[in-house]
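Have a look at the structure below before the remarks.
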Amino acid sequence: MSLPPCPKCNSKFIYQDQSLLICPECAHEWDPSEQLAEIELFTVKDFNGTLLNEGDKVTMIKDLKIKSSSQVLKVGTKAVIRRIVEGKDHQLDCKVDGAGEMMVTAKFVKRA
């Protein structure tokens with residue numbers, strides 16, 4: 001049986017004690033069933049409050065300046081969501097038409 005790595009220190013040396021998984025390197029204890037529930041609770045919504053999923057097509061609702069570049073993503077630029085990431089600033093890993101791969105904040109897009 002393969003156990004998942006520690007979510008705190010990413011160690012592969014994990015052992016099970018009844019229903020808990022324990023990491024001997026950082027002493028982190030967690031219940032794997034609770035961790036799955038937390039992952040499922042993370043949702044991302046667009047400007048209109050619509051839930052976004054991987055593979056959805058979205059459009060920009062305002063002009064966005066690309067960091068460390070003179071390029072601007074204009075209103076209406078289309079993108080495809082590759083991955084949804086839990087983060088402070090940028091939740092969507094997208095492939096943007098004419099600009100390539102980049103991270104975008106969900107509040108600046110709407111589902112197409």
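By order of appearance in the structure tokens: chains A, B, ..., then residues from 1 within every chain, and ligands from 1 in the order shown.
Shell of Val104 (chain A) at 8 Å, with only C-alpha atoms counted and residues fewer than 2 places along the chain excluded, is His90, Gln91, Leu92, Asp93, Cys94, Met102, Ala106 and Phe108 of chain A.
Residues with any atom within 10 Å of Gly98 (chain A), counting only C-alpha atoms and excluding same-chain neighbours fewer than 2 positions away, are Leu73, Thr77, Lys78, Ala79, Lys95, Val96, Gly100 and Glu101 of chain A.
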Discussion item. For Asn48 (chain A), find every residue with an atom within 10 Å (counting only C-alpha atoms), except residues of its own chain fewer than 5 positions away, and show them as an MDAnalysis selection string.
Written reply: chainID A and resid 107:111
Could you write out, as a JSON list (two decimals) with N, CA, C and O atoms, in the first residue's frame, all the residues of chain A that DSSP marks as alpha helix (DSSP H)?
[["chain", "number", "residue", "atom", "x", "y", "z"],
["A", 32, "PRO", "N", -6.27, 11.22, 6.47],
["A", 32, "PRO", "CA", -6.34, 11.34, 5.01],
["A", 32, "PRO", "C", -7.77, 11.59, 4.50],
["A", 32, "PRO", "O", -7.95, 12.26, 3.49],
["A", 33, "SER", "N", -8.79, 11.12, 5.19],
["A", 33, "SER", "CA", -10.16, 11.36, 4.74],
["A", 33, "SER", "C", -10.54, 12.83, 4.91],
["A", 33, "SER", "O", -11.27, 13.39, 4.10],
["A", 34, "GLU", "N", -10.05, 13.49, 5.96],
["A", 34, "GLU", "CA", -10.31, 14.92, 6.15],
["A", 34, "GLU", "C", -9.56, 15.74, 5.10],
["A", 34, "GLU", "O", -10.05, 16.76, 4.64],
["A", 35, "GLN", "N", -8.36, 15.32, 4.73],
["A", 35, "GLN", "CA", -7.58, 16.03, 3.74],
["A", 35, "GLN", "C", -8.29, 16.00, 2.39],
["A", 35, "GLN", "O", -8.32, 17.00, 1.68],
["A", 36, "LEU", "N", -8.90, 14.89, 2.02],
["A", 36, "LEU", "CA", -9.65, 14.81, 0.77],
["A", 36, "LEU", "C", -10.86, 15.73, 0.80],
["A", 36, "LEU", "O", -11.19, 16.37, -0.19],
["A", 37, "ALA", "N", -11.51, 15.85, 1.95],
["A", 37, "ALA", "CA", -12.66, 16.74, 2.08],
["A", 37, "ALA", "C", -12.24, 18.20, 1.91],
["A", 37, "ALA", "O", -12.95, 18.99, 1.32],
["A", 38, "GLU", "N", -11.07, 18.57, 2.44],
["A", 38, "GLU", "CA", -10.57, 19.94, 2.30],
["A", 38, "GLU", "C", -10.26, 20.26, 0.85],
["A", 38, "GLU", "O", -10.52, 21.37, 0.38],
["A", 39, "ILE", "N", -9.71, 19.32, 0.11],
["A", 39, "ILE", "CA", -9.38, 19.54, -1.29],
["A", 39, "ILE", "C", -10.67, 19.77, -2.09],
["A", 39, "ILE", "O", -10.73, 20.64, -2.95],
["A", 40, "GLU", "N", -11.71, 19.01, -1.79],
["A", 40, "GLU", "CA", -12.96, 19.15, -2.50],
["A", 40, "GLU", "C", -13.66, 20.46, -2.18],
["A", 40, "GLU", "O", -14.43, 20.96, -2.98],
["A", 41, "LEU", "N", -13.42, 21.05, -0.99],
["A", 41, "LEU", "CA", -14.07, 22.28, -0.60],
["A", 41, "LEU", "C", -13.52, 23.50, -1.33],
["A", 41, "LEU", "O", -14.18, 24.53, -1.42]]
Response to the item:
Using only C-alpha atoms, the shortest atom-to-atom distance to His28 (chain A) among A:Gly49, A:Pro5, A:Gly76, A:Gly87 belongs to A:Pro5
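The environment of Phe13 (chain A) within 12 Å, counting only C-alpha atoms and disregarding residues fewer than 5 places along the same chain, consists of A:Ser2, A:Leu3, A:Pro4, A:Pro5, A:Cys6, A:Pro7, A:Leu21, A:Ile22, A:Cys23, A:Pro24, A:Glu25, A:Cys26, A:Ala27, A:His28.
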Worksheet item: What are the DSSP strand (DSSP E or B) residues of chain A, as a count of residues only?
Response: 38
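The spacing separating CA of Asn10 (chain A) from CA of Glu29 (chain A) amounts to 12.8 Å.
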